[in-house]
file work_7.csv (CSV, C-alpha atoms)
chain,number,residue,atom,x,y,z
A,1,MET,CA,-13.6,22.4,20.9
A,2,ASP,CA,-12.0,24.3,18.1
A,3,GLN,CA,-12.9,22.3,15.0
A,4,LYS,CA,-13.8,23.1,11.4
A,5,ASN,CA,-15.8,20.0,10.5
A,6,ILE,CA,-16.6,19.2,6.9
A,7,THR,CA,-20.2,19.6,5.8
A,8,PRO,CA,-22.2,16.6,4.6
A,9,ALA,CA,-21.9,18.0,1.1
A,10,GLN,CA,-18.1,18.2,1.3
A,11,SER,CA,-17.9,14.7,2.7
A,12,SER,CA,-20.0,13.3,-0.1
A,13,ASN,CA,-17.9,15.1,-2.7
A,14,ALA,CA,-14.7,13.7,-1.2
A,15,SER,CA,-16.1,10.2,-1.1
A,16,ALA,CA,-17.1,10.4,-4.7
A,17,ALA,CA,-13.7,11.7,-5.8
A,18,THR,CA,-11.6,9.5,-8.1
A,19,THR,CA,-8.2,10.8,-6.9
A,20,PRO,CA,-5.9,8.5,-4.9
A,21,GLY,CA,-7.0,10.2,-1.7
A,22,ALA,CA,-10.7,9.4,-2.2
A,23,GLN,CA,-12.4,8.5,1.1
A,24,ARG,CA,-9.3,8.7,3.2
A,25,ARG,CA,-9.7,10.8,6.3
A,26,ILE,CA,-7.0,13.3,7.3
A,27,LEU,CA,-7.0,15.2,10.6
A,28,VAL,CA,-5.1,18.4,10.5
A,29,VAL,CA,-4.0,19.7,13.9
A,30,GLU,CA,-2.6,23.3,13.9
A,31,ASP,CA,-3.5,26.4,15.8
A,32,ASP,CA,-2.5,28.9,13.1
A,33,PRO,CA,-5.7,29.6,11.0
A,34,THR,CA,-3.7,30.5,7.9
A,35,ILE,CA,-1.6,27.3,7.9
A,36,VAL,CA,-4.5,25.0,8.8
A,37,ASP,CA,-6.7,26.4,6.2
A,38,ALA,CA,-4.0,26.1,3.5
A,39,ILE,CA,-3.2,22.5,4.4
A,40,ALA,CA,-6.9,21.5,4.6
A,41,MET,CA,-7.6,23.2,1.2
A,42,ARG,CA,-4.8,21.4,-0.5
A,43,LEU,CA,-5.7,18.0,1.0
A,44,ARG,CA,-9.3,18.4,0.0
A,45,ALA,CA,-8.2,19.3,-3.5
A,46,GLU,CA,-6.3,15.9,-3.5
A,47,GLY,CA,-9.6,14.2,-2.7
A,48,PHE,CA,-9.2,13.6,1.0
A,49,GLN,CA,-11.8,14.1,3.7
A,50,VAL,CA,-10.5,16.6,6.2
A,51,GLN,CA,-11.3,17.7,9.7
A,52,THR,CA,-9.2,20.2,11.7
A,53,ALA,CA,-8.5,20.9,15.4
A,54,GLY,CA,-6.8,23.9,16.9
A,55,ASP,CA,-5.6,22.5,20.3
A,56,GLY,CA,-4.4,19.4,22.0
A,57,PRO,CA,-7.6,18.3,23.7
A,58,ALA,CA,-9.7,18.9,20.5
A,59,ALA,CA,-7.2,16.8,18.5
A,60,VAL,CA,-7.4,13.8,20.8
A,61,ASP,CA,-11.2,14.0,21.0
A,62,THR,CA,-11.6,14.3,17.2
A,63,ALA,CA,-9.1,11.5,16.6
A,64,GLU,CA,-11.1,9.2,18.9
A,65,ALA,CA,-14.5,10.1,17.4
A,66,TRP,CA,-13.6,10.3,13.7
A,67,GLN,CA,-10.9,7.6,13.4
A,68,PRO,CA,-8.7,9.4,10.8
A,69,ASP,CA,-6.4,7.4,8.5
A,70,LEU,CA,-3.6,9.9,9.1
A,71,ILE,CA,-2.9,12.9,11.3
A,72,VAL,CA,-0.9,16.0,10.3
A,73,LEU,CA,0.1,17.3,13.7
A,74,ASP,CA,1.8,20.5,14.8
A,75,VAL,CA,4.2,20.3,17.8
A,76,MET,CA,3.3,23.6,19.4
A,77,LEU,CA,-0.4,23.6,20.4
A,78,PRO,CA,-2.6,25.2,23.2
A,79,GLY,CA,-3.9,22.9,25.8
A,80,PHE,CA,-1.1,20.3,25.5
A,81,ASP,CA,1.5,19.9,22.8
A,82,GLY,CA,1.6,17.7,19.8
A,83,LEU,CA,3.9,15.2,21.4
A,84,GLU,CA,1.3,14.5,24.1
A,85,VAL,CA,-1.4,14.4,21.4
A,86,CYS,CA,0.7,11.8,19.6
A,87,ARG,CA,1.2,9.7,22.7
A,88,ARG,CA,-2.6,9.7,23.5
A,89,VAL,CA,-3.7,9.0,20.0
A,90,GLN,CA,-1.3,6.1,19.5
A,91,ALA,CA,-2.5,4.7,22.8
A,92,GLN,CA,-6.0,4.6,21.3
A,93,ARG,CA,-5.0,3.0,18.0
A,94,PRO,CA,-2.0,3.0,15.7
A,95,VAL,CA,-2.3,5.8,13.1
A,96,PRO,CA,0.3,7.4,10.8
A,97,VAL,CA,1.4,10.9,12.0
A,98,LEU,CA,3.1,13.6,10.0
A,99,MET,CA,4.5,16.0,12.6
A,100,LEU,CA,5.1,19.7,11.9
A,101,THR,CA,7.7,21.7,13.8
A,102,ALA,CA,8.9,25.3,13.6
A,103,ARG,CA,12.3,24.3,14.9
A,104,ASP,CA,14.9,22.6,12.9
A,105,ASP,CA,16.2,20.8,16.0
A,106,GLU,CA,17.2,17.2,15.6
A,107,THR,CA,16.5,16.5,19.3
A,108,ASP,CA,12.9,17.6,18.8
A,109,MET,CA,12.6,15.4,15.8
A,110,LEU,CA,13.9,12.4,17.6
A,111,VAL,CA,11.5,13.0,20.5
A,112,GLY,CA,8.7,13.2,17.9
A,113,LEU,CA,9.7,9.9,16.3
A,114,GLY,CA,10.0,8.4,19.8
A,115,VAL,CA,6.4,9.0,20.7
A,116,GLY,CA,5.1,7.5,17.5
A,117,ALA,CA,5.4,10.0,14.7
A,118,ASP,CA,6.2,8.5,11.3
A,119,ASP,CA,7.6,11.6,9.5
A,120,TYR,CA,8.1,15.2,10.2
A,121,MET,CA,8.4,18.5,8.3
A,122,THR,CA,10.0,21.8,9.5
A,123,LYS,CA,8.4,25.1,8.7
A,124,PRO,CA,8.2,26.8,6.3
A,125,PHE,CA,7.1,24.1,3.8
A,126,SER,CA,5.1,24.0,0.6
A,127,MET,CA,1.6,22.6,0.5
A,128,ARG,CA,2.7,20.4,-2.4
A,129,GLU,CA,5.2,18.7,-0.2
A,130,VAL,CA,2.7,18.2,2.6
A,131,ALA,CA,0.4,16.4,0.1
A,132,ALA,CA,3.3,14.3,-1.2
A,133,ARG,CA,4.3,13.2,2.3
A,134,VAL,CA,0.7,12.3,3.1
A,135,HIS,CA,0.4,10.2,0.0
A,136,VAL,CA,3.7,8.4,0.8
A,137,LEU,CA,2.7,7.6,4.4
A,138,LEU,CA,-0.7,6.2,3.2
A,139,ARG,CA,1.0,4.1,0.5
A,140,ARG,CA,3.2,2.7,3.2
A,141,VAL,CA,0.2,1.7,5.3
A,142,GLU,CA,-1.3,0.0,2.3
A,143,ARG,CA,1.9,-2.0,1.7
A,144,ALA,CA,2.0,-3.0,5.3
A,145,THR,CA,-1.6,-4.2,5.3
A,146,LEU,CA,-1.0,-6.2,2.1
A,147,ALA,CA,2.1,-7.7,3.5
A,148,ALA,CA,0.3,-8.7,6.7
A,149,HIS,CA,-2.3,-10.6,4.7
A,150,THR,CA,0.2,-12.3,2.3
A,151,PRO,CA,1.5,-15.7,3.4
A,152,ARG,CA,5.3,-15.6,3.6
A,153,SER,CA,7.7,-18.3,4.8
A,154,GLY,CA,10.3,-17.9,7.4
A,155,ILE,CA,11.6,-15.3,9.8
A,156,LEU,CA,14.8,-13.5,9.0
A,157,ARG,CA,17.3,-13.8,11.9
A,158,LEU,CA,20.5,-11.8,11.8
A,159,GLY,CA,22.3,-12.8,15.0
A,160,GLU,CA,20.1,-11.6,17.9
A,161,LEU,CA,18.0,-9.5,15.6
A,162,GLU,CA,14.8,-11.2,14.3
A,163,ILE,CA,12.5,-9.7,11.7
A,164,ASP,CA,9.1,-11.2,11.1
A,165,HIS,CA,7.9,-9.5,7.9
A,166,ALA,CA,4.4,-11.0,7.9
A,167,GLN,CA,3.6,-9.8,11.4
A,168,ARG,CA,5.8,-6.7,11.0
A,169,ARG,CA,7.4,-7.5,14.3
A,170,VAL,CA,11.0,-7.1,15.4
A,171,ARG,CA,12.7,-8.8,18.3
A,172,VAL,CA,16.2,-8.2,19.8
A,173,THR,CA,17.6,-10.9,22.1
A,174,GLY,CA,14.1,-12.4,22.2
A,175,GLU,CA,12.4,-9.1,23.3
A,176,ASP,CA,9.8,-7.3,21.2
A,177,VAL,CA,10.9,-3.9,19.9
A,178,HIS,CA,8.2,-1.4,19.0
A,179,LEU,CA,8.9,0.3,15.7
A,180,THR,CA,6.9,2.8,13.8
A,181,PRO,CA,5.8,1.8,10.3
A,182,THR,CA,8.6,4.0,8.8
A,183,GLU,CA,11.2,2.5,11.1
A,184,PHE,CA,10.2,-1.0,10.3
A,185,ASP,CA,10.3,-0.3,6.5
A,186,LEU,CA,13.7,1.3,7.0
A,187,LEU,CA,15.1,-1.7,8.8
A,188,VAL,CA,13.7,-4.1,6.2
A,189,CYS,CA,15.3,-2.0,3.4
A,190,LEU,CA,18.7,-2.3,5.1
A,191,ALA,CA,18.1,-6.0,5.8
A,192,HIS,CA,17.6,-6.6,2.1
A,193,SER,CA,21.3,-6.1,1.6
A,194,PRO,CA,23.0,-6.9,5.0
A,195,ARG,CA,26.4,-5.3,5.4
A,196,ALA,CA,26.0,-3.4,2.1
A,197,VAL,CA,26.1,0.4,2.3
A,198,LEU,CA,22.9,2.1,1.1
A,199,SER,CA,23.1,5.8,0.3
A,200,ARG,CA,20.7,8.3,1.9
A,201,GLU,CA,19.3,8.9,-1.6
A,202,GLN,CA,18.6,5.2,-2.0
A,203,LEU,CA,16.8,5.0,1.3
A,204,LEU,CA,14.7,8.0,0.5
A,205,ALA,CA,13.6,6.5,-2.8
A,206,GLU,CA,12.9,3.0,-1.4
A,207,VAL,CA,11.4,3.8,2.0
A,208,TRP,CA,9.9,7.2,1.5
A,209,ASP,CA,9.1,6.9,-2.2
A,210,TRP,CA,10.7,10.2,-3.0
A,211,ALA,CA,14.1,11.5,-3.8
A,212,ASP,CA,15.1,15.0,-2.5
A,213,ALA,CA,18.5,16.0,-1.3
A,214,SER,CA,16.9,18.1,1.4
A,215,GLY,CA,15.3,15.0,2.9
A,216,THR,CA,18.5,13.3,3.9
A,217,ARG,CA,18.2,14.7,7.4
A,218,THR,CA,14.9,12.8,7.6
A,219,VAL,CA,16.9,9.6,6.9
A,220,ASP,CA,19.5,10.5,9.5
A,221,SER,CA,16.9,11.2,12.2
A,222,HIS,CA,15.1,7.9,11.6
A,223,ILE,CA,18.4,6.0,11.6
A,224,LYS,CA,19.2,7.5,15.1
A,225,ALA,CA,15.7,6.6,16.4
A,226,LEU,CA,16.1,3.1,15.0
A,227,ARG,CA,19.5,2.7,16.6
A,228,ARG,CA,18.1,3.7,20.0
A,229,LYS,CA,15.6,0.8,19.7
A,230,ILE,CA,17.7,-2.1,18.2
A,231,GLY,CA,21.2,-1.1,19.3
A,232,ALA,CA,23.5,1.5,18.0
A,233,ASP,CA,26.2,-1.0,16.9
A,234,ARG,CA,23.8,-2.8,14.5
A,235,ILE,CA,23.8,0.1,12.0
A,236,ARG,CA,27.1,1.3,10.6
A,237,THR,CA,27.5,4.8,9.3
A,238,VAL,CA,29.8,5.4,6.3
A,239,HIS,CA,30.4,9.1,6.4
A,240,GLY,CA,29.5,10.9,3.3
A,241,VAL,CA,27.8,7.8,1.8
A,242,GLY,CA,25.1,6.2,3.9
A,243,TYR,CA,24.3,3.3,6.2
A,244,ALA,CA,24.6,-0.5,6.5
A,245,LEU,CA,23.0,-3.1,8.7
A,246,GLU,CA,25.7,-5.0,10.5
A,247,THR,CA,25.3,-8.8,10.8
A,248,PRO,CA,27.2,-11.6,12.4
A,249,SER,CA,30.0,-12.7,10.1
A,250,SER,CA,28.7,-16.3,10.3
A,251,GLY,CA,25.4,-15.3,8.7
A,252,ALA,CA,21.9,-15.8,10.1
A,253,ALA,CA,21.5,-17.4,13.5
A,254,ASP,CA,19.0,-20.0,12.1
A,255,GLY,CA,21.6,-21.2,9.6
A,256,SER,CA,19.9,-19.6,6.6
A,257,ALA,CA,21.9,-17.2,4.4
A,258,PRO,CA,20.8,-13.6,4.3
A,259,ALA,CA,19.4,-12.3,1.0
A,260,PRO,CA,22.3,-11.4,-1.3
A,261,ALA,CA,22.9,-7.7,-2.0
A,262,SER,CA,22.0,-8.1,-5.6
A,263,SER,CA,18.4,-9.1,-4.7
A,264,THR,CA,17.5,-5.5,-3.9
A,265,ALA,CA,17.1,-3.3,-7.0
A,266,ALA,CA,17.0,0.4,-6.6
A,267,GLY,CA,13.5,1.6,-6.1
A,268,SER,CA,12.1,-1.8,-4.9
A,269,SER,CA,9.5,-1.7,-2.3
A,270,PRO,CA,10.3,-2.9,1.3
A,271,ALA,CA,7.1,-4.8,1.3
A,272,SER,CA,8.6,-7.3,-1.1
A,273,ALA,CA,11.3,-8.4,1.3
A,274,PHE,CA,11.6,-11.9,2.6
A,275,ASP,CA,9.2,-13.6,0.3
A,276,GLY,CA,10.6,-16.9,1.0
A,277,SER,CA,11.7,-17.5,-2.6
call {"tool": "encode", "arguments": {"input": "work_7.csv", "output": "C-alpha cells"}}
result
Amino acid sequence: MDQKNITPAQSSNASAATTPGAQRRILVVEDDPTIVDAIAMRLRAEGFQVQTAGDGPAAVDTAEAWQPDLIVLDVMLPGFDGLEVCRRVQAQRPVPVLMLTARDDETDMLVGLGVGADDYMTKPFSMREVAARVHVLLRRVERATLAAHTPRSGILRLGELEIDHAQRRVRVTGEDVHLTPTEFDLLVCLAHSPRAVLSREQLLAEVWDWADASGTRTVDSHIKALRRKIGADRIRTVHGVGYALETPSSGAADGSAPAPASSTAAGSSPASAFDGS
C-alpha cells in the first residue's frame, strides 16, 4: 500500500491548530510524488490532517480505515482509476470528492460528477486554488448538516419536481433522484428564483462561494449533470447569460406560490432556502 501516513506528532499539531481546517481529515490520492507532496504540504499548512495514497486500491483501503472528511482524487491512477475509487468510496459512505484531471474534456468531467464527485479541477492548477476548493466543499457539508438539523416547514413542489430541503432529497414524478451535495445546492439556488435567469457568476458566488470567470465551465458541467438527473427541459439556458429553473405556469403543484425572485439576494447561502417564512 503506497501511503505516506502522518506521524502522531503531525496529527497532534493538526488537531491543535486554530485554522478553519483544524481536525478535518483530507485524503489526497495522486500517483505523482511531486504533486501529492505539494498538495499535502499546502493542506497541512491550512491546518488539515492529511494522508496520501498513490493507487486505486490503497485509496479505497485508506478511505475505509481512516474515514476522511474529504478526498482530493486524481482520475489517472495505477491499480484502478479515480472513477472506480469514487464509486467504491461513495458506496461505503458519502464523502465530498474534489477530482483532479489532466484532460480538459467535458465528457470526462460529466462522468466524474456522475459517479459522485462534487467538484473537479484540471491540471495545471495552483495549490492556493486546491486549498480554496477544499474549504468551499467543507463549508457546503457544514451548511447541509446544519440544514438537516434545523426544523423547516413544507416541501417545495414545482410541478413534478419536489425538493425537501430538510432531508436534502429531490423527487421527480414521485421517484427519488440522487444528487451530489453540489448538485442539490445548485438546484436549490435556482429554485430560490424560479424562472428567473441567474448568471454563471451568481451561481459561482452563491453555490461555490467563489467568483472566478475561469470557473464558469464548472457551472456548465454541473448544470449538464443536473439536467441528466431531473430532466433537460427543467433548466433553461439563456446563451451568454446563465440558467433558469423552469416551472409550471400555474405555480407549485401543492397550491403554494414559489418564493419570489426578490427573496434571493446575491451572495445568499443555499442553506437558507425554504425556511417556511
call {"tool": "residues_near_point", "arguments": {"input": "work_7.csv", "point": "(-4.3, 17.7, 13.0)", "cutoff": "10 Å", "atoms": "all atoms listed in the file", "output": "PyMOL selection string"}}
result
chain A and resi 3+26-31+36+39-40+50-56+58-60+62-63+68+70-74+82+85+97-100
call {"tool": "atom_distance", "arguments": {"input": "work_7.csv", "atom1": "CA of Ser126 in chain A", "atom2": "CA of Asp37 in chain A"}}
result
13.3 Å
call {"tool": "atom_distance", "arguments": {"input": "work_7.csv", "atom1": "CA of His178 in chain A", "atom2": "CA of Gln92 in chain A"}}
result
15.6 Å
call {"tool": "residues_around", "arguments": {"input": "work_7.csv", "residues": "Trp208 in chain A", "least_positions_apart": "3", "cutoff": "10 Å", "atoms": "all atoms listed in the file", "output": "ChimeraX atom specification"}}
result
/A:119,133,136-137,139-140,182,185-186,202-205,211,215,218-219,269
call {"tool": "write_last_selection", "arguments": {"input": "work_7.csv", "atoms": "C-alpha atoms", "output": "PDB file, in the frame of the given file"}}
result
ATOM      1  CA  ASP A 119       7.600  11.600   9.500  1.00  0.00           C
ATOM      2  CA  ARG A 133       4.300  13.200   2.300  1.00  0.00           C
ATOM      3  CA  VAL A 136       3.700   8.400   0.800  1.00  0.00           C
ATOM      4  CA  LEU A 137       2.700   7.600   4.400  1.00  0.00           C
ATOM      5  CA  ARG A 139       1.000   4.100   0.500  1.00  0.00           C
ATOM      6  CA  ARG A 140       3.200   2.700   3.200  1.00  0.00           C
ATOM      7  CA  THR A 182       8.600   4.000   8.800  1.00  0.00           C
ATOM      8  CA  ASP A 185      10.300  -0.300   6.500  1.00  0.00           C
ATOM      9  CA  LEU A 186      13.700   1.300   7.000  1.00  0.00           C
ATOM     10  CA  GLN A 202      18.600   5.200  -2.000  1.00  0.00           C
ATOM     11  CA  LEU A 203      16.800   5.000   1.300  1.00  0.00           C
ATOM     12  CA  LEU A 204      14.700   8.000   0.500  1.00  0.00           C
ATOM     13  CA  ALA A 205      13.600   6.500  -2.800  1.00  0.00           C
ATOM     14  CA  ALA A 211      14.100  11.500  -3.800  1.00  0.00           C
ATOM     15  CA  GLY A 215      15.300  15.000   2.900  1.00  0.00           C
ATOM     16  CA  THR A 218      14.900  12.800   7.600  1.00  0.00           C
ATOM     17  CA  VAL A 219      16.900   9.600   6.900  1.00  0.00           C
ATOM     18  CA  SER A 269       9.500  -1.700  -2.300  1.00  0.00           C
TER      19      SER A 269
END
call {"tool": "closest_residue", "arguments": {"input": "work_7.csv", "among": "A:Leu179, A:Val241, A:Ala232, A:Ala45", "to": "Arg128 in chain A", "atoms": "only C-alpha atoms"}}
result
A:Ala45
call {"tool": "atom_distance", "arguments": {"input": "work_7.csv", "atom1": "CA of Phe48 in chain A", "atom2": "CA of Trp66 in chain A"}}
result
13.8 Å
call {"tool": "residues_around", "arguments": {"input": "work_7.csv", "residues": "Leu83 in chain A", "least_positions_apart": "2", "cutoff": "10 Å", "atoms": "all atoms listed in the file", "output": "ChimeraX atom specification"}}
result
/A:56,73-77,80-81,85-89,99,108,111-117
call {"tool": "closest_residue", "arguments": {"input": "work_7.csv", "among": "A:Ala65, A:Ala131, A:Asp209, A:Arg227", "to": "Arg44 in chain A", "atoms": "all atoms listed in the file"}}
result
A:Ala131
call {"tool": "residues_around", "arguments": {"input": "work_7.csv", "residues": "Lys123 in chain A", "least_positions_apart": "5", "cutoff": "9 Å", "atoms": "all atoms listed in the file", "output": "short mmCIF file (atom, residue, chain, number, x, y, z; two decimals) with C-alpha atoms, keeping the file's coordinate frame"}}
result
data_model
loop_
_atom_site.label_atom_id
_atom_site.label_comp_id
_atom_site.auth_asym_id
_atom_site.auth_seq_id
_atom_site.Cartn_x
_atom_site.Cartn_y
_atom_site.Cartn_z
CA LEU A 100 5.10 19.70 11.90
CA THR A 101 7.70 21.70 13.80
CA ALA A 102 8.90 25.30 13.60
CA ARG A 103 12.30 24.30 14.90
CA ASP A 104 14.90 22.60 12.90
#
call {"tool": "residues_around", "arguments": {"input": "work_7.csv", "residues": "Ile230 in chain A", "least_positions_apart": "6", "cutoff": "10 Å", "atoms": "only C-alpha atoms", "output": "list of chain:residue names"}}
result
A:Glu160, A:Leu161, A:Val170, A:Arg171, A:Val172, A:Thr173, A:Asp176, A:Val177, A:His178, A:Leu179, A:Leu187
